[in-house]
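Engineer: mmCIF, N, CA and C atoms, file data_34.cif:
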data_input
#
loop_
_atom_site.label_atom_id
_atom_site.label_comp_id
_atom_site.auth_asym_id
_atom_site.auth_seq_id
_atom_site.Cartn_x
_atom_site.Cartn_y
_atom_site.Cartn_z
N GLY A 1 0.81 -1.19 0.00
CA GLY A 1 0.00 0.00 0.00
C GLY A 1 0.85 1.25 0.00
N LYS A 2 0.20 2.33 -0.20
CA LYS A 2 0.85 3.64 -0.22
C LYS A 2 1.12 4.11 1.21
N ARG A 3 2.32 4.59 1.46
CA ARG A 3 2.69 5.08 2.78
C ARG A 3 2.38 6.56 2.89
N LEU A 4 1.91 6.94 4.05
CA LEU A 4 1.67 8.35 4.32
C LEU A 4 3.00 9.02 4.69
N PRO A 5 3.12 10.33 4.43
CA PRO A 5 4.34 11.02 4.84
C PRO A 5 4.53 10.92 6.35
N LYS A 6 5.79 10.90 6.76
CA LYS A 6 6.09 10.83 8.19
C LYS A 6 5.54 12.07 8.88
N ALA A 7 4.89 11.87 10.00
CA ALA A 7 4.34 12.99 10.77
C ALA A 7 4.80 12.87 12.21
N ASN A 8 5.24 13.96 12.78
CA ASN A 8 5.63 14.01 14.18
C ASN A 8 4.67 14.98 14.86
N VAL A 9 3.59 14.45 15.43
CA VAL A 9 2.57 15.28 16.04
C VAL A 9 3.00 15.64 17.45
N VAL A 10 3.10 16.92 17.73
CA VAL A 10 3.51 17.37 19.05
C VAL A 10 2.33 17.98 19.79
N GLY A 11 1.49 18.72 19.10
CA GLY A 11 0.34 19.35 19.73
C GLY A 11 -0.92 19.13 18.92
N ALA A 12 -2.00 18.90 19.61
CA ALA A 12 -3.30 18.77 18.95
C ALA A 12 -4.30 19.62 19.74
N PRO A 13 -4.57 20.84 19.27
CA PRO A 13 -5.47 21.72 20.01
C PRO A 13 -6.87 21.12 20.15
N ILE A 14 -7.47 21.31 21.30
CA ILE A 14 -8.80 20.78 21.52
C ILE A 14 -9.88 21.84 21.38
N SER A 15 -9.48 23.08 21.20
CA SER A 15 -10.47 24.15 21.14
C SER A 15 -10.99 24.42 19.74
N GLY A 16 -10.36 23.88 18.75
CA GLY A 16 -10.81 24.10 17.39
C GLY A 16 -10.26 25.38 16.79
N PHE A 17 -10.44 25.52 15.50
CA PHE A 17 -9.97 26.68 14.76
C PHE A 17 -11.16 27.62 14.60
N PHE A 18 -11.45 28.37 15.65
CA PHE A 18 -12.60 29.27 15.68
C PHE A 18 -12.28 30.50 14.86
N LEU A 19 -13.06 30.74 13.85
CA LEU A 19 -12.77 31.77 12.85
C LEU A 19 -13.12 33.17 13.32
N ASP A 20 -12.21 34.10 13.11
CA ASP A 20 -12.47 35.53 13.32
C ASP A 20 -13.16 36.00 12.04
N HIS A 21 -14.47 35.87 12.03
CA HIS A 21 -15.24 36.12 10.81
C HIS A 21 -15.71 37.56 10.74
N ALA A 22 -15.72 38.11 9.55
CA ALA A 22 -16.10 39.51 9.34
C ALA A 22 -17.48 39.84 9.88
N SER A 23 -18.38 38.88 9.90
CA SER A 23 -19.74 39.14 10.36
C SER A 23 -19.86 39.10 11.89
N ASP A 24 -18.76 38.87 12.58
CA ASP A 24 -18.82 38.65 14.02
C ASP A 24 -18.31 39.85 14.82
N GLY A 25 -18.84 41.01 14.58
CA GLY A 25 -18.44 42.20 15.32
C GLY A 25 -18.73 42.10 16.79
N PHE A 26 -19.84 41.43 17.17
CA PHE A 26 -20.22 41.31 18.57
C PHE A 26 -19.17 40.54 19.36
N LYS A 27 -18.78 39.36 18.87
CA LYS A 27 -17.79 38.56 19.59
C LYS A 27 -16.46 39.30 19.67
N ARG A 28 -16.08 39.98 18.61
CA ARG A 28 -14.83 40.73 18.61
C ARG A 28 -14.89 41.83 19.68
N LYS A 29 -16.03 42.52 19.77
CA LYS A 29 -16.19 43.58 20.78
C LYS A 29 -16.16 42.98 22.18
N THR A 30 -16.86 41.86 22.38
CA THR A 30 -16.90 41.21 23.67
C THR A 30 -15.51 40.77 24.10
N LYS A 31 -14.76 40.16 23.19
CA LYS A 31 -13.41 39.71 23.51
C LYS A 31 -12.51 40.91 23.81
N SER A 32 -12.69 41.99 23.09
CA SER A 32 -11.91 43.20 23.34
C SER A 32 -12.18 43.73 24.75
N GLU A 33 -13.43 43.72 25.17
CA GLU A 33 -13.78 44.16 26.52
C GLU A 33 -13.16 43.24 27.57
N LEU A 34 -13.13 41.93 27.32
CA LEU A 34 -12.50 40.99 28.25
C LEU A 34 -11.01 41.26 28.38
N VAL A 35 -10.36 41.51 27.25
CA VAL A 35 -8.92 41.79 27.26
C VAL A 35 -8.63 43.02 28.11
N GLN A 36 -9.44 44.06 27.96
CA GLN A 36 -9.24 45.28 28.75
C GLN A 36 -9.55 45.03 30.23
N LEU A 37 -10.67 44.41 30.51
CA LEU A 37 -11.10 44.20 31.90
C LEU A 37 -10.08 43.40 32.70
N HIS A 38 -9.53 42.35 32.09
CA HIS A 38 -8.63 41.45 32.80
C HIS A 38 -7.15 41.68 32.46
N ASN A 39 -6.86 42.71 31.68
CA ASN A 39 -5.48 43.01 31.28
C ASN A 39 -4.79 41.75 30.76
N MET A 40 -5.42 41.14 29.73
CA MET A 40 -5.01 39.83 29.25
C MET A 40 -3.92 39.85 28.18
N THR A 41 -3.46 41.01 27.77
CA THR A 41 -2.51 41.02 26.66
C THR A 41 -1.24 40.22 26.97
N SER A 42 -0.89 40.08 28.24
CA SER A 42 0.31 39.31 28.57
C SER A 42 0.13 37.81 28.26
N ALA A 43 -1.10 37.36 28.09
CA ALA A 43 -1.37 35.95 27.77
C ALA A 43 -1.24 35.66 26.28
N PHE A 44 -1.18 36.69 25.46
CA PHE A 44 -1.10 36.50 24.01
C PHE A 44 0.35 36.47 23.55
N LEU A 45 0.58 35.80 22.44
CA LEU A 45 1.92 35.75 21.86
C LEU A 45 2.32 37.14 21.39
N PRO A 46 3.51 37.61 21.78
CA PRO A 46 3.95 38.95 21.37
C PRO A 46 3.95 39.14 19.85
N ALA A 47 4.30 38.11 19.10
CA ALA A 47 4.31 38.23 17.64
C ALA A 47 2.90 38.46 17.10
N CYS A 48 1.90 37.88 17.75
CA CYS A 48 0.52 38.12 17.34
C CYS A 48 0.13 39.55 17.66
N LEU A 49 0.43 40.00 18.86
CA LEU A 49 0.08 41.37 19.26
C LEU A 49 0.70 42.40 18.33
N ALA A 50 1.89 42.12 17.83
CA ALA A 50 2.58 43.07 16.95
C ALA A 50 1.85 43.27 15.62
N GLN A 51 0.96 42.35 15.27
CA GLN A 51 0.21 42.46 14.01
C GLN A 51 -0.92 43.48 14.06
N PHE A 52 -1.34 43.89 15.27
CA PHE A 52 -2.54 44.70 15.42
C PHE A 52 -2.29 45.92 16.29
N PRO A 53 -3.09 46.97 16.06
CA PRO A 53 -3.04 48.10 17.00
C PRO A 53 -3.53 47.63 18.37
N PRO A 54 -3.14 48.31 19.46
CA PRO A 54 -3.52 47.87 20.81
C PRO A 54 -5.02 47.66 21.00
N ASP A 55 -5.86 48.46 20.36
CA ASP A 55 -7.30 48.29 20.56
C ASP A 55 -7.86 47.06 19.84
N GLN A 56 -7.02 46.35 19.08
CA GLN A 56 -7.45 45.12 18.40
C GLN A 56 -6.72 43.88 18.93
N ALA A 57 -6.11 44.00 20.11
CA ALA A 57 -5.36 42.88 20.70
C ALA A 57 -6.22 41.62 20.84
N ALA A 58 -7.51 41.79 21.03
CA ALA A 58 -8.41 40.64 21.22
C ALA A 58 -8.44 39.73 20.00
N ARG A 59 -8.01 40.21 18.86
CA ARG A 59 -7.98 39.34 17.68
C ARG A 59 -7.02 38.17 17.88
N CYS A 60 -6.10 38.30 18.84
CA CYS A 60 -5.16 37.22 19.15
C CYS A 60 -5.84 36.06 19.88
N PHE A 61 -7.13 36.16 20.17
CA PHE A 61 -7.92 35.02 20.66
C PHE A 61 -8.12 34.00 19.54
N PHE A 62 -8.08 34.45 18.31
CA PHE A 62 -8.46 33.61 17.17
C PHE A 62 -7.23 32.98 16.51
N PRO A 63 -7.26 31.67 16.29
CA PRO A 63 -6.09 30.96 15.77
C PRO A 63 -5.60 31.42 14.41
N GLN A 64 -6.46 31.97 13.58
CA GLN A 64 -5.97 32.41 12.27
C GLN A 64 -4.94 33.53 12.42
N HIS A 65 -4.94 34.20 13.58
CA HIS A 65 -3.98 35.29 13.81
C HIS A 65 -2.77 34.86 14.62
N TYR A 66 -2.90 33.81 15.44
CA TYR A 66 -1.75 33.42 16.26
C TYR A 66 -1.10 32.11 15.86
N ALA A 67 -1.78 31.27 15.09
CA ALA A 67 -1.27 29.92 14.81
C ALA A 67 0.10 29.93 14.14
N GLN A 68 0.36 30.89 13.27
CA GLN A 68 1.65 30.90 12.58
C GLN A 68 2.80 31.22 13.52
N HIS A 69 2.50 31.70 14.72
CA HIS A 69 3.54 32.05 15.68
C HIS A 69 3.80 30.96 16.72
N ILE A 70 3.08 29.86 16.66
CA ILE A 70 3.28 28.76 17.60
C ILE A 70 4.54 28.00 17.20
N ALA A 71 5.47 27.86 18.13
CA ALA A 71 6.76 27.23 17.82
C ALA A 71 6.65 25.71 17.67
N SER A 72 5.80 25.07 18.45
CA SER A 72 5.66 23.61 18.38
C SER A 72 4.80 23.22 17.19
N PRO A 73 5.13 22.12 16.52
CA PRO A 73 4.25 21.65 15.45
C PRO A 73 2.88 21.28 16.04
N TRP A 74 1.83 21.47 15.25
CA TRP A 74 0.49 21.14 15.72
C TRP A 74 -0.32 20.51 14.59
N PHE A 75 -1.36 19.82 15.00
CA PHE A 75 -2.23 19.11 14.07
C PHE A 75 -3.66 19.37 14.50
N ALA A 76 -4.45 20.00 13.66
CA ALA A 76 -5.81 20.39 14.01
C ALA A 76 -6.83 19.38 13.50
N PHE A 77 -7.86 19.18 14.29
CA PHE A 77 -9.03 18.38 13.92
C PHE A 77 -10.21 19.34 13.95
N ASN A 78 -10.83 19.58 12.82
CA ASN A 78 -11.87 20.61 12.78
C ASN A 78 -12.85 20.33 11.66
N SER A 79 -14.02 20.91 11.79
CA SER A 79 -15.01 20.87 10.73
C SER A 79 -14.89 22.15 9.91
N ARG A 80 -15.03 22.02 8.61
CA ARG A 80 -15.03 23.19 7.74
C ARG A 80 -16.24 24.08 8.02
N TYR A 81 -17.32 23.47 8.48
CA TYR A 81 -18.57 24.20 8.74
C TYR A 81 -18.90 24.07 10.22
N ASP A 82 -18.41 24.97 11.03
CA ASP A 82 -18.63 24.92 12.47
C ASP A 82 -20.07 25.31 12.77
N LEU A 83 -20.83 24.36 13.27
CA LEU A 83 -22.26 24.59 13.49
C LEU A 83 -22.50 25.73 14.47
N TYR A 84 -21.74 25.77 15.55
CA TYR A 84 -21.93 26.83 16.54
C TYR A 84 -21.71 28.20 15.88
N GLN A 85 -20.64 28.33 15.12
CA GLN A 85 -20.38 29.64 14.50
C GLN A 85 -21.44 29.98 13.46
N LEU A 86 -21.85 29.00 12.69
CA LEU A 86 -22.90 29.27 11.70
C LEU A 86 -24.21 29.67 12.38
N GLN A 87 -24.50 29.08 13.52
CA GLN A 87 -25.73 29.42 14.24
C GLN A 87 -25.61 30.76 14.95
N HIS A 88 -24.54 30.94 15.70
CA HIS A 88 -24.47 32.07 16.64
C HIS A 88 -23.62 33.25 16.16
N THR A 89 -22.68 33.00 15.29
CA THR A 89 -21.84 34.09 14.79
C THR A 89 -22.42 34.64 13.50
N ILE A 90 -22.67 33.75 12.57
CA ILE A 90 -23.26 34.17 11.30
C ILE A 90 -24.75 34.42 11.50
N GLY A 91 -25.36 33.66 12.41
CA GLY A 91 -26.77 33.85 12.75
C GLY A 91 -27.74 33.35 11.70
N LEU A 92 -27.43 32.21 11.09
CA LEU A 92 -28.32 31.68 10.06
C LEU A 92 -29.59 31.10 10.68
N PRO A 93 -30.75 31.69 10.38
CA PRO A 93 -32.01 31.22 10.97
C PRO A 93 -32.30 29.75 10.68
N CYS A 94 -31.93 29.27 9.49
CA CYS A 94 -32.23 27.87 9.16
C CYS A 94 -31.52 26.92 10.12
N LEU A 95 -30.33 27.29 10.58
CA LEU A 95 -29.60 26.42 11.50
C LEU A 95 -29.99 26.68 12.95
N LEU A 96 -30.38 27.90 13.25
CA LEU A 96 -30.84 28.21 14.60
C LEU A 96 -32.16 27.51 14.91
N TYR A 97 -33.03 27.44 13.91
CA TYR A 97 -34.39 26.91 14.12
C TYR A 97 -34.61 25.57 13.44
N ASN A 98 -33.52 24.92 13.03
CA ASN A 98 -33.57 23.57 12.48
C ASN A 98 -34.60 23.43 11.36
N ARG A 99 -34.45 24.28 10.35
CA ARG A 99 -35.32 24.18 9.18
C ARG A 99 -34.43 24.19 7.93
N PRO A 100 -34.95 23.79 6.78
CA PRO A 100 -34.12 23.78 5.57
C PRO A 100 -33.62 25.20 5.24
N CYS A 101 -32.38 25.28 4.78
CA CYS A 101 -31.80 26.57 4.40
C CYS A 101 -32.27 26.96 3.00
N ASN A 102 -32.60 28.24 2.85
CA ASN A 102 -32.94 28.73 1.52
C ASN A 102 -31.65 29.00 0.73
N ARG A 103 -31.77 29.43 -0.51
CA ARG A 103 -30.58 29.62 -1.36
C ARG A 103 -29.61 30.65 -0.78
N THR A 104 -30.13 31.72 -0.23
CA THR A 104 -29.27 32.75 0.35
C THR A 104 -28.50 32.19 1.54
N GLU A 105 -29.18 31.44 2.39
CA GLU A 105 -28.54 30.84 3.55
C GLU A 105 -27.51 29.78 3.13
N GLN A 106 -27.85 28.99 2.10
CA GLN A 106 -26.91 28.01 1.58
C GLN A 106 -25.64 28.70 1.08
N ALA A 107 -25.82 29.84 0.43
CA ALA A 107 -24.67 30.60 -0.07
C ALA A 107 -23.80 31.10 1.10
N GLU A 108 -24.45 31.49 2.21
CA GLU A 108 -23.71 31.93 3.40
C GLU A 108 -22.91 30.78 4.00
N VAL A 109 -23.49 29.58 4.01
CA VAL A 109 -22.78 28.40 4.52
C VAL A 109 -21.56 28.13 3.66
N ARG A 110 -21.73 28.15 2.33
CA ARG A 110 -20.60 27.93 1.42
C ARG A 110 -19.53 28.99 1.59
N LYS A 111 -19.95 30.25 1.77
CA LYS A 111 -18.99 31.34 1.96
C LYS A 111 -18.20 31.14 3.25
N TYR A 112 -18.89 30.74 4.31
CA TYR A 112 -18.20 30.47 5.57
C TYR A 112 -17.14 29.38 5.37
N GLY A 113 -17.51 28.28 4.69
CA GLY A 113 -16.55 27.19 4.44
C GLY A 113 -15.35 27.68 3.65
N HIS A 114 -15.59 28.52 2.66
CA HIS A 114 -14.49 29.11 1.87
C HIS A 114 -13.63 30.00 2.77
N ASP A 115 -14.26 30.85 3.57
CA ASP A 115 -13.53 31.74 4.47
C ASP A 115 -12.69 30.95 5.47
N PHE A 116 -13.26 29.84 5.97
CA PHE A 116 -12.53 29.00 6.91
C PHE A 116 -11.26 28.45 6.27
N LEU A 117 -11.39 27.88 5.08
CA LEU A 117 -10.21 27.32 4.42
C LEU A 117 -9.21 28.41 4.06
N SER A 118 -9.69 29.59 3.68
CA SER A 118 -8.79 30.71 3.37
C SER A 118 -8.01 31.15 4.60
N ALA A 119 -8.62 31.07 5.78
CA ALA A 119 -7.93 31.45 7.01
C ALA A 119 -6.98 30.35 7.49
N LEU A 120 -7.34 29.09 7.29
CA LEU A 120 -6.53 27.97 7.76
C LEU A 120 -5.33 27.70 6.86
N THR A 121 -5.50 27.77 5.58
CA THR A 121 -4.47 27.37 4.63
C THR A 121 -3.12 28.07 4.86
N PRO A 122 -3.08 29.39 5.11
CA PRO A 122 -1.78 30.03 5.29
C PRO A 122 -0.98 29.54 6.51
N VAL A 123 -1.63 28.96 7.51
CA VAL A 123 -0.90 28.52 8.69
C VAL A 123 -0.52 27.04 8.63
N LEU A 124 -0.98 26.35 7.60
CA LEU A 124 -0.55 24.96 7.40
C LEU A 124 0.83 24.98 6.76
N SER A 125 1.63 23.99 7.08
CA SER A 125 2.99 23.96 6.55
C SER A 125 3.51 22.53 6.62
N ASP A 126 4.81 22.38 6.35
CA ASP A 126 5.43 21.06 6.50
C ASP A 126 5.39 20.60 7.95
N ARG A 127 5.33 21.56 8.89
CA ARG A 127 5.33 21.24 10.32
C ARG A 127 3.92 21.08 10.88
N ASN A 128 2.96 21.79 10.33
CA ASN A 128 1.59 21.81 10.87
C ASN A 128 0.64 21.18 9.87
N GLY A 129 -0.40 20.58 10.37
CA GLY A 129 -1.37 19.97 9.48
C GLY A 129 -2.71 19.84 10.15
N GLY A 130 -3.60 19.10 9.49
CA GLY A 130 -4.91 18.93 10.07
C GLY A 130 -5.78 18.00 9.26
N VAL A 131 -6.84 17.57 9.89
CA VAL A 131 -7.91 16.84 9.24
C VAL A 131 -9.12 17.72 9.32
N ILE A 132 -9.62 18.13 8.19
CA ILE A 132 -10.76 19.02 8.13
C ILE A 132 -11.91 18.26 7.49
N SER A 133 -12.97 18.04 8.25
CA SER A 133 -14.14 17.34 7.72
C SER A 133 -15.08 18.35 7.08
N ALA A 134 -15.93 17.88 6.21
CA ALA A 134 -16.91 18.74 5.56
C ALA A 134 -18.24 18.67 6.29
N CYS A 135 -18.28 18.00 7.42
CA CYS A 135 -19.52 17.89 8.18
C CYS A 135 -19.63 19.01 9.20
N GLY A 136 -20.83 19.44 9.47
CA GLY A 136 -21.05 20.43 10.54
C GLY A 136 -21.10 19.70 11.87
N GLY A 137 -20.85 20.44 12.91
CA GLY A 137 -20.94 19.79 14.21
C GLY A 137 -20.26 20.58 15.28
#
Here is a file; write its structure as structure tokens.

Structural biologist:
Amino acid sequence: GKRLPKANVVGAPISGFFLDHASDGFKRKTKSELVQLHNMTSAFLPACLAQFPPDQAARCFFPQHYAQHIASPWFAFNSRYDLYQLQHTIGLPCLLYNRPCNRTEQAEVRKYGHDFLSALTPVLSDRNGGVISACGG
């Protein structure tokens, strides 16, 4: 049989690759308030903080902004279509109320999947990898 490339997995995050999505101004604002309230900037990677003005430090909560600065190799397990984010961040009524999605909502789901892969792809490398399913969950 065909052999898979050698992989040395050192880290496997359990929190998932939660997307800093353009439609999620509320979560970004909430995280920003948490960072200020608890003076959390010391918990973020300095290289991530350097990417943003101080009032946007909360963006370092999201892996698309900090993953490239992690020194240890990592391997992510994630769904391309995160049900929680589609329900609560994007706010798709069809997923919130468990009904069939109309064409507009289906287009939003596809856009989210595209945005997810666009955010994840730049941080994948010879050292980092992942298994990305196409199932929601």

Engineer: Applied to this file, what does the PyMOL selection byres ((chain A and resi 77) around 7) return in terms of residues, put as a list of chain:residue names?

Structural biologist: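 This file, filtered by the PyMOL selection byres ((chain A and resi 77) around 7), leaves A:Ala12, A:Pro13, A:Gly16, A:Phe17, A:Phe75, A:Ala76, A:Asn78, A:Ser79, A:Gly129, A:Gly130, A:Val131, A:Ile132, A:Ser133.
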
Engineer: Just how far from atom C of Tyr81 in chain A is atom N of Thr41 in chain A, in Å to one decimal?

Structural biologist: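 Those two atoms sit 28.9 Å apart.
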
Engineer: Using the chain letters and numbers from the file, give me the residues hit by the PyMOL selection byres ((chain A and resi 73) around 7), as a ChimeraX atom specification.

Structural biologist: /A:8-12,70-72,74-75,127-129

Engineer: Please return, as a PyMOL selection string, all residues of chain A that DSSP assigns to helix (DSSP H, G or I) on the basis of the backbone.

Structural biologist: chain A and resi 25-38+40-43+46-49+54-61+63-69+83-89+93-96+103-123

Engineer: Can you tell me which residues surround range 91-96 of chain A at a distance of at most 12 Å, considering only C-alpha atoms, apart from same-chain residues fewer than 3 positions away, and format the answer as a list in words?

Structural biologist: His21, Ser23, Asp24, Phe26, Tyr81, Asp82, Leu83, Tyr84, Gln85, Leu86, Gln87, His88, Arg99, Pro100, Cys101, Asn102, Arg103, Thr104, Glu105, Gln106, Ala107, Glu108, Val109, Tyr112, Gly136 and Gly137 of chain A

Engineer: Just to confirm, what's the straight-line distance from atom C of Ala134 in chain A to atom N of Lys31 in chain A in Å (one decimal)?

Structural biologist: 27.6 Å

Engineer: Pull out every residue that the PyMOL selection byres ((chain A and resi 63) around 8) matches in the shown coordinates and put them as a VMD selection string.

Structural biologist: chain A and resid 16 to 20 59 to 62 64 to 68 119 to 120 123

Engineer: What would the file look like if the residues just selected were written as a tab-separated table (two decimals), keeping the file's coordinate frame with N, CA and C atoms?

Structural biologist:
chain	number	residue	atom	x	y	z
A	16	GLY	N	-10.36	23.88	18.75
A	16	GLY	CA	-10.81	24.10	17.39
A	16	GLY	C	-10.26	25.38	16.79
A	17	PHE	N	-10.44	25.52	15.50
A	17	PHE	CA	-9.97	26.68	14.76
A	17	PHE	C	-11.16	27.62	14.60
A	18	PHE	N	-11.45	28.37	15.65
A	18	PHE	CA	-12.60	29.27	15.68
A	18	PHE	C	-12.28	30.50	14.86
A	19	LEU	N	-13.06	30.74	13.85
A	19	LEU	CA	-12.77	31.77	12.85
A	19	LEU	C	-13.12	33.17	13.32
A	20	ASP	N	-12.21	34.10	13.11
A	20	ASP	CA	-12.47	35.53	13.32
A	20	ASP	C	-13.16	36.00	12.04
A	59	ARG	N	-8.01	40.21	18.86
A	59	ARG	CA	-7.98	39.34	17.68
A	59	ARG	C	-7.02	38.17	17.88
A	60	CYS	N	-6.10	38.30	18.84
A	60	CYS	CA	-5.16	37.22	19.15
A	60	CYS	C	-5.84	36.06	19.88
A	61	PHE	N	-7.13	36.16	20.17
A	61	PHE	CA	-7.92	35.02	20.66
A	61	PHE	C	-8.12	34.00	19.54
A	62	PHE	N	-8.08	34.45	18.31
A	62	PHE	CA	-8.46	33.61	17.17
A	62	PHE	C	-7.23	32.98	16.51
A	64	GLN	N	-6.46	31.97	13.58
A	64	GLN	CA	-5.97	32.41	12.27
A	64	GLN	C	-4.94	33.53	12.42
A	65	HIS	N	-4.94	34.20	13.58
A	65	HIS	CA	-3.98	35.29	13.81
A	65	HIS	C	-2.77	34.86	14.62
A	66	TYR	N	-2.90	33.81	15.44
A	66	TYR	CA	-1.75	33.42	16.26
A	66	TYR	C	-1.10	32.11	15.86
A	67	ALA	N	-1.78	31.27	15.09
A	67	ALA	CA	-1.27	29.92	14.81
A	67	ALA	C	0.10	29.93	14.14
A	68	GLN	N	0.36	30.89	13.27
A	68	GLN	CA	1.65	30.90	12.58
A	68	GLN	C	2.80	31.22	13.52
A	119	ALA	N	-8.62	31.07	5.78
A	119	ALA	CA	-7.93	31.45	7.01
A	119	ALA	C	-6.98	30.35	7.49
A	120	LEU	N	-7.34	29.09	7.29
A	120	LEU	CA	-6.53	27.97	7.76
A	120	LEU	C	-5.33	27.70	6.86
A	123	VAL	N	-1.63	28.96	7.51
A	123	VAL	CA	-0.90	28.52	8.69
A	123	VAL	C	-0.52	27.04	8.63

Engineer: Enter the distance from CA of Ser32 in chain A to atom C of Ala58 in chain A, in Å, rounded to one decimal.

Structural biologist: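 So the answer is 5.9 Å.
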
Engineer: Build an axis-aligned box that encloses every atom of range 73-87 of chain A listed in the file, pad it by 8 Å on each side, and report its centre and edge lengths in Å to one decimal, as AutoDock Vina command-line options.

Structural biologist:
--center_x -10.3 --center_y 24.6 --center_z 12.1 --size_x 46.9 --size_y 28.4 --size_z 24.8

Engineer: I need the residues in chain A that are strand (DSSP E or B) according to DSSP; give them as a list in words.

Structural biologist: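 Secondary structure check on chain A, strand (DSSP E or B): Gly11, Trp74, Phe75, Ala76, Phe77, Asn78, Ser79, Arg80, Tyr81, Gly129, Gly130, Val131, Ile132, Ser133, Ala134, Cys135 and Gly136 of chain A.
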
Engineer: Have a look at A:Gly113, A:Ile90, A:Ala57, A:Ser118 and name the one nearest to Val35 in chain A; count only N, CA and C atoms.

Structural biologist: A:Ala57
